[in-house]
Amino acid sequence: MKNKNKINIEMHWDKLVVPAQTSCDRSLLIELTVIGQPKDKNNKRPPVNLALVIDRSGSMVGYSIEAAKTAAKGIVDRLTTEDRLSLVSFDARVKLHFSCLSMNSIGRSKAKAMISQLYAGTTTNLSAGWFEGAHCVSQAMDDYELQNGHVLVLSDGMANQGIEDPEELKMHAHELASRGVYTSAVGIGPHYSPLQLDALAEGGDGRLHDTETAEEIVDVVLGELGEISNTVARNVELHIRSPRSVRLECLSSMREHRSGSLLKINLGMMQLDRMKQVALLTEVSELSNGKELPFEAYVTWEGVDSAEQHHSNTVNSVLQVVSVMEAEKAKVNTEVVRKFADIWEASLAYRGMILNERNDFRGASMLYEDNLEHVSMLVNSLDDCDSRVDRHKSAGIQMGREWSGRSKRESFDLAKKRMKSEPDLRQEDFGNWHDRLSN
């Protein structure tokens with residue numbers, strides 16, 4: 001019997017009551033987990049259709065290009081006969097080394113030989129290399145009736161030829177993702193453009209990874225293959241229906257669509273036994289005592305080996321409108337507040353660093369100033385509230401001035417991963433995004 005995976009969904013509130021005749025905010029945390037059985041020899045995963053797109057501009061010379069080659073060969077060793085691999089490299093020009101190659105013994109030998117021939121060249125035409133990789137996986141989807149494909153881009157620089165605008169890159173990546181061609185990106189060293197690579201990953205329903213050493217590059221590239229292989233749900237969409245007197249704001253950077261009282265949030269892909277957390281700031285208008293505010297949530301998704309639609313169970317929750325005194329006395333779920341605050345902090349950091357990277361230092365500083373009161377009120381019930389508020393202020397100062405190099409790229413990557421519940425695929429523990437604020 002074919003294994004069927006399910007997505008479990010839970011709704012958690014900081015408080016289950018709101019004060020009457022007073023507008024207020026509540027913190028809603030939704031946790032989703034794919035429940036199922038690991039794949040075994042009798043339950044094979046769908047074939048992997050992957051294109052590696054490797055930057056071979058002049059700055060990649062040395063350990064970067066060599067580590068990329070080592071990681072690419074590691075990918076070859078882990079793929080099976082049913083899998084298809086393409087290899088593209090780019091500097092000012094794009095070179096297609098091989099396309100849709102079956103990873104049987106002959107294919108693996110050929111792939112490794114051609115990977116060994118990679119060398120560093122001149123400037124960086126990121127978009128042209130990426131488009132070629134996307135074309136390869138699209139061709140494999142057509143020729144071999146594969147449901148989807150993945151492009152993995154490795155780069156240590158900033159595009160200075162072809163499409164350079166992050167918004168345009170994101171638009172093209174989203175268009176390809178809607179056709180089943182997903183993109184992830186690996187940034188290498190202190191000089192890559194987080195805006196350009198993140199645009200590919202955001203639009204492409206993939207992930208951005210930060211690396212510095214050869215070991216980290218290998219960890220991430222092989223880890224990304226593991227994420228692809230462990231993916232069991234795609235086009236995951238969270239549906240939340242709320243009363244008209246309520247406004248929901250998703251604090252994570254996710255595509256969303258509103259239709260009346262229904263909010264739909266696109267969560268992209270999910271892996272087996274991996275939890276995703278979605279933080280929703282819930283703004284409640286003034287209401288009379290005794291009212292009830294009903295909420296319902298459910299998830300829809302597609303499997304990775306078919307376009308069949310799946311639907312989770314619907315979960316329901318109710319907020320009670322009570323007197324101001326009752327609301328003040330109501331117990332606070334500090335565990336929910338802690339998780340919610342962590343996501344909000346990471347979301348502000350992600351948005352702040354995007355503004356900082358655009359040299360909009362005033363905008364980044366204002367982002368933190370505008371949210372200081374809200375954050376202070378949220379964390380007031382936590383035992384580390386003072387240190388969290390101090391960290392918020394420090395982050396606002398850091399974002400409001402010039403910031404570059406490794407510390408910023410590490411913080412950008414770690415903040416986004418916390419905001420989106422994504423794993424750090426490097427073997428070493430790199431701590432939290434805010435550990436680098438003083439560097």
# chains A, B, ... in the order shown; residues from 1 in each chain; ligands from 1

call {"tool": "residues_around", "arguments": {"residues": "stretch 394-407 of chain A", "least_positions_apart": "5", "cutoff": "7 Å", "atoms": "only C-alpha atoms", "output": "PyMOL selection string"}}
result
chain A and resi 189-191+352-353+356+361-362+364-365+368+436-437+439

call {"tool": "residues_around", "arguments": {"residues": "A:Leu152", "least_positions_apart": "4", "cutoff": "8 Å", "atoms": "only C-alpha atoms", "output": "PyMOL selection string"}}
result
chain A and resi 50-53+183-186

call {"tool": "write_last_selection", "arguments": {"atoms": "N, CA and C atoms", "output": "CSV table (one decimal), in the first residue's frame"}}
result
chain,number,residue,atom,x,y,z
A,50,LEU,N,17.8,17.6,-11.1
A,50,LEU,CA,18.5,18.6,-10.5
A,50,LEU,C,19.5,19.2,-11.5
A,51,ALA,N,19.6,20.6,-11.5
A,51,ALA,CA,20.6,21.3,-12.3
A,51,ALA,C,21.5,22.0,-11.3
A,52,LEU,N,22.8,21.8,-11.3
A,52,LEU,CA,23.8,22.5,-10.6
A,52,LEU,C,24.3,23.7,-11.5
A,53,VAL,N,24.2,24.9,-10.9
A,53,VAL,CA,24.6,26.1,-11.7
A,53,VAL,C,25.7,26.7,-10.9
A,183,THR,N,14.1,26.9,-7.2
A,183,THR,CA,15.5,27.4,-7.1
A,183,THR,C,15.9,27.6,-5.7
A,184,SER,N,17.1,27.1,-5.3
A,184,SER,CA,17.8,27.4,-4.1
A,184,SER,C,19.1,28.0,-4.5
A,185,ALA,N,19.8,28.7,-3.5
A,185,ALA,CA,21.0,29.4,-3.8
A,185,ALA,C,22.0,29.2,-2.6
A,186,VAL,N,23.3,29.1,-3.0
A,186,VAL,CA,24.3,29.1,-2.0
A,186,VAL,C,25.2,30.2,-2.2

call {"tool": "residues_around", "arguments": {"residues": "A:Ser178", "least_positions_apart": "3", "cutoff": "12 Å", "atoms": "only C-alpha atoms", "output": "mmCIF file with C-alpha atoms, in the first residue's frame"}}
result
data_model
loop_
_atom_site.group_PDB
_atom_site.id
_atom_site.type_symbol
_atom_site.label_atom_id
_atom_site.label_comp_id
_atom_site.auth_asym_id
_atom_site.auth_seq_id
_atom_site.Cartn_x
_atom_site.Cartn_y
_atom_site.Cartn_z
ATOM 1 C CA GLN A 147 6.684 16.308 -11.973
ATOM 2 C CA ASN A 148 9.234 18.936 -10.999
ATOM 3 C CA GLY A 149 12.864 20.005 -11.044
ATOM 4 C CA MET A 171 9.521 37.534 -10.707
ATOM 5 C CA HIS A 172 11.144 35.089 -13.136
ATOM 6 C CA ALA A 173 11.878 32.622 -10.319
ATOM 7 C CA HIS A 174 8.243 32.719 -9.177
ATOM 8 C CA GLU A 175 7.044 32.114 -12.719
ATOM 9 C CA VAL A 181 10.959 24.452 -11.397
ATOM 10 C CA TYR A 182 12.288 25.414 -7.945
ATOM 11 C CA THR A 183 15.458 27.352 -7.114
ATOM 12 C CA GLY A 203 10.664 33.590 -5.888
ATOM 13 C CA GLY A 204 11.736 30.023 -6.570
ATOM 14 C CA ASP A 205 10.183 28.456 -3.421
ATOM 15 C CA ARG A 234 4.781 20.973 -2.349
ATOM 16 C CA ASN A 235 2.613 24.036 -2.951
ATOM 17 C CA ASN A 266 1.939 29.893 0.635
ATOM 18 C CA GLY A 268 6.216 26.261 -0.372
#

call {"tool": "residues_around", "arguments": {"residues": "A:Leu280", "least_positions_apart": "5", "cutoff": "9 Å", "atoms": "only C-alpha atoms", "output": "MDAnalysis selection string"}}
result
chainID A and resid 26:30 248:252 340

call {"tool": "write_last_selection", "arguments": {"atoms": "N, CA and C atoms", "output": "short mmCIF file (atom, residue, chain, number, x, y, z; two decimals), in the first residue's frame"}}
result
data_model
loop_
_atom_site.label_atom_id
_atom_site.label_comp_id
_atom_site.auth_asym_id
_atom_site.auth_seq_id
_atom_site.Cartn_x
_atom_site.Cartn_y
_atom_site.Cartn_z
N ARG A 26 -3.36 40.18 19.67
CA ARG A 26 -3.12 38.85 20.19
C ARG A 26 -2.08 38.19 19.29
N SER A 27 -1.35 37.23 19.86
CA SER A 27 -0.32 36.51 19.13
C SER A 27 -0.82 35.10 18.80
N LEU A 28 -0.93 34.82 17.51
CA LEU A 28 -1.38 33.50 17.06
C LEU A 28 -0.19 32.77 16.42
N LEU A 29 0.13 31.61 16.96
CA LEU A 29 1.21 30.78 16.44
C LEU A 29 0.59 29.50 15.88
N ILE A 30 0.82 29.26 14.60
CA ILE A 30 0.34 28.04 13.96
C ILE A 30 1.53 27.14 13.66
N LEU A 248 -5.39 39.89 10.38
CA LEU A 248 -4.23 39.03 10.58
C LEU A 248 -3.05 39.54 9.75
N GLU A 249 -1.88 39.63 10.39
CA GLU A 249 -0.66 40.03 9.70
C GLU A 249 0.39 38.92 9.86
N CYS A 250 0.77 38.31 8.75
CA CYS A 250 1.80 37.27 8.79
C CYS A 250 3.16 37.92 8.95
N LEU A 251 3.91 37.53 9.98
CA LEU A 251 5.18 38.17 10.28
C LEU A 251 6.35 37.58 9.49
N SER A 252 6.12 36.46 8.81
CA SER A 252 7.17 35.87 7.98
C SER A 252 6.99 36.33 6.54
N PHE A 340 6.81 33.19 19.37
CA PHE A 340 6.29 34.28 18.55
C PHE A 340 7.31 35.43 18.47
#

call {"tool": "closest_residue", "arguments": {"among": "A:Ser59, A:Thr213, A:Ser23, A:Asn8", "to": "A:Leu287", "atoms": "only C-alpha atoms"}}
result
A:Ser23

call {"tool": "residues_around", "arguments": {"residues": "stretch 386-388 of chain A", "least_positions_apart": "3", "cutoff": "10 Å", "atoms": "only C-alpha atoms", "output": "PyMOL selection string"}}
result
chain A and resi 341-342+345+375-376+379-380+382-383+391-394

call {"tool": "residues_around", "arguments": {"residues": "stretch 164-168 of chain A", "least_positions_apart": "5", "cutoff": "9 Å", "atoms": "only C-alpha atoms", "output": "list in words"}}
result
Asn125, Leu126, Ser127, Met158, Ala159, Ala173, Leu195, Gln196, Leu197, Asp198, Ala199 and Leu200 of chain A

call {"tool": "write_last_selection", "arguments": {"atoms": "C-alpha atoms", "output": "PDB file, in the first residue's frame"}}
result
ATOM      1  CA  ASN A 125      26.228  36.741 -15.623  1.00  0.00           C
ATOM      2  CA  LEU A 126      24.131  35.121 -12.902  1.00  0.00           C
ATOM      3  CA  SER A 127      20.775  35.272 -14.670  1.00  0.00           C
ATOM      4  CA  MET A 158      27.225  39.994  -7.519  1.00  0.00           C
ATOM      5  CA  ALA A 159      25.745  39.856 -10.999  1.00  0.00           C
ATOM      6  CA  ALA A 173      11.878  32.622 -10.319  1.00  0.00           C
ATOM      7  CA  LEU A 195      19.548  40.480  -2.437  1.00  0.00           C
ATOM      8  CA  GLN A 196      20.079  38.764  -5.789  1.00  0.00           C
ATOM      9  CA  LEU A 197      20.510  35.228  -4.460  1.00  0.00           C
ATOM     10  CA  ASP A 198      17.655  35.623  -1.982  1.00  0.00           C
ATOM     11  CA  ALA A 199      15.418  36.852  -4.804  1.00  0.00           C
ATOM     12  CA  LEU A 200      16.029  33.596  -6.670  1.00  0.00           C
TER      13      LEU A 200
END

call {"tool": "residues_around", "arguments": {"residues": "stretch 237-241 of chain A", "least_positions_apart": "3", "cutoff": "9 Å", "atoms": "only C-alpha atoms", "output": "PyMOL selection string"}}
result
chain A and resi 234+260-268+294-301

call {"tool": "select_by_dssp", "arguments": {"residues": "stretch 135-364 of chain A", "states": "strand (DSSP E or B)", "output": "PyMOL selection string"}}
result
chain A and resi 149-155+181-188+208-211+231-241+246-250+256-259+262-272+275-284+292-302+309-311+315-322

call {"tool": "closest_residue", "arguments": {"among": "A:Met419, A:Pro46, A:Cys24, A:Asn230", "to": "A:Glu283", "atoms": "only C-alpha atoms"}}
result
A:Cys24

call {"tool": "closest_residue", "arguments": {"among": "A:Met377, A:Val318, A:Val220, A:Ala327", "to": "A:Leu425", "atoms": "only C-alpha atoms"}}
result
A:Val220

call {"tool": "closest_residue", "arguments": {"among": "A:Leu208, A:Glu302, A:Lys15, A:Glu357", "to": "A:Leu378", "atoms": "only C-alpha atoms"}}
result
A:Lys15

call {"tool": "closest_residue", "arguments": {"among": "A:Val246, A:Ala201, A:Ile217, A:Leu372", "to": "A:Ile188", "atoms": "only C-alpha atoms"}}
result
A:Ile217

call {"tool": "decode", "arguments": {"residues": "stretch 63-85 of chain A", "atoms": "C-alpha atoms", "output": "JSON list (two decimals), in the first residue's frame"}}
result
[["chain", "number", "residue", "atom", "x", "y", "z"],
["A", 63, "TYR", "CA", 39.10, 27.07, -2.65],
["A", 64, "SER", "CA", 35.62, 28.25, -3.78],
["A", 65, "ILE", "CA", 35.67, 26.58, -7.19],
["A", 66, "GLU", "CA", 37.44, 23.51, -5.80],
["A", 67, "ALA", "CA", 34.88, 23.12, -3.01],
["A", 68, "ALA", "CA", 32.05, 23.54, -5.52],
["A", 69, "LYS", "CA", 33.59, 20.75, -7.61],
["A", 70, "THR", "CA", 33.95, 18.48, -4.56],
["A", 71, "ALA", "CA", 30.32, 19.12, -3.60],
["A", 72, "ALA", "CA", 29.14, 18.47, -7.17],
["A", 73, "LYS", "CA", 30.96, 15.13, -7.21],
["A", 74, "GLY", "CA", 29.36, 14.30, -3.86],
["A", 75, "ILE", "CA", 25.95, 14.94, -5.44],
["A", 76, "VAL", "CA", 26.82, 12.54, -8.26],
["A", 77, "ASP", "CA", 27.72, 9.80, -5.76],
["A", 78, "ARG", "CA", 24.37, 10.16, -3.98],
["A", 79, "LEU", "CA", 22.09, 10.11, -7.01],
["A", 80, "THR", "CA", 20.62, 6.92, -8.47],
["A", 81, "THR", "CA", 19.98, 5.59, -11.96],
["A", 82, "GLU", "CA", 16.48, 7.10, -12.05],
["A", 83, "ASP", "CA", 17.79, 10.59, -11.24],
["A", 84, "ARG", "CA", 18.72, 13.26, -13.81],
["A", 85, "LEU", "CA", 21.57, 15.73, -13.34]]
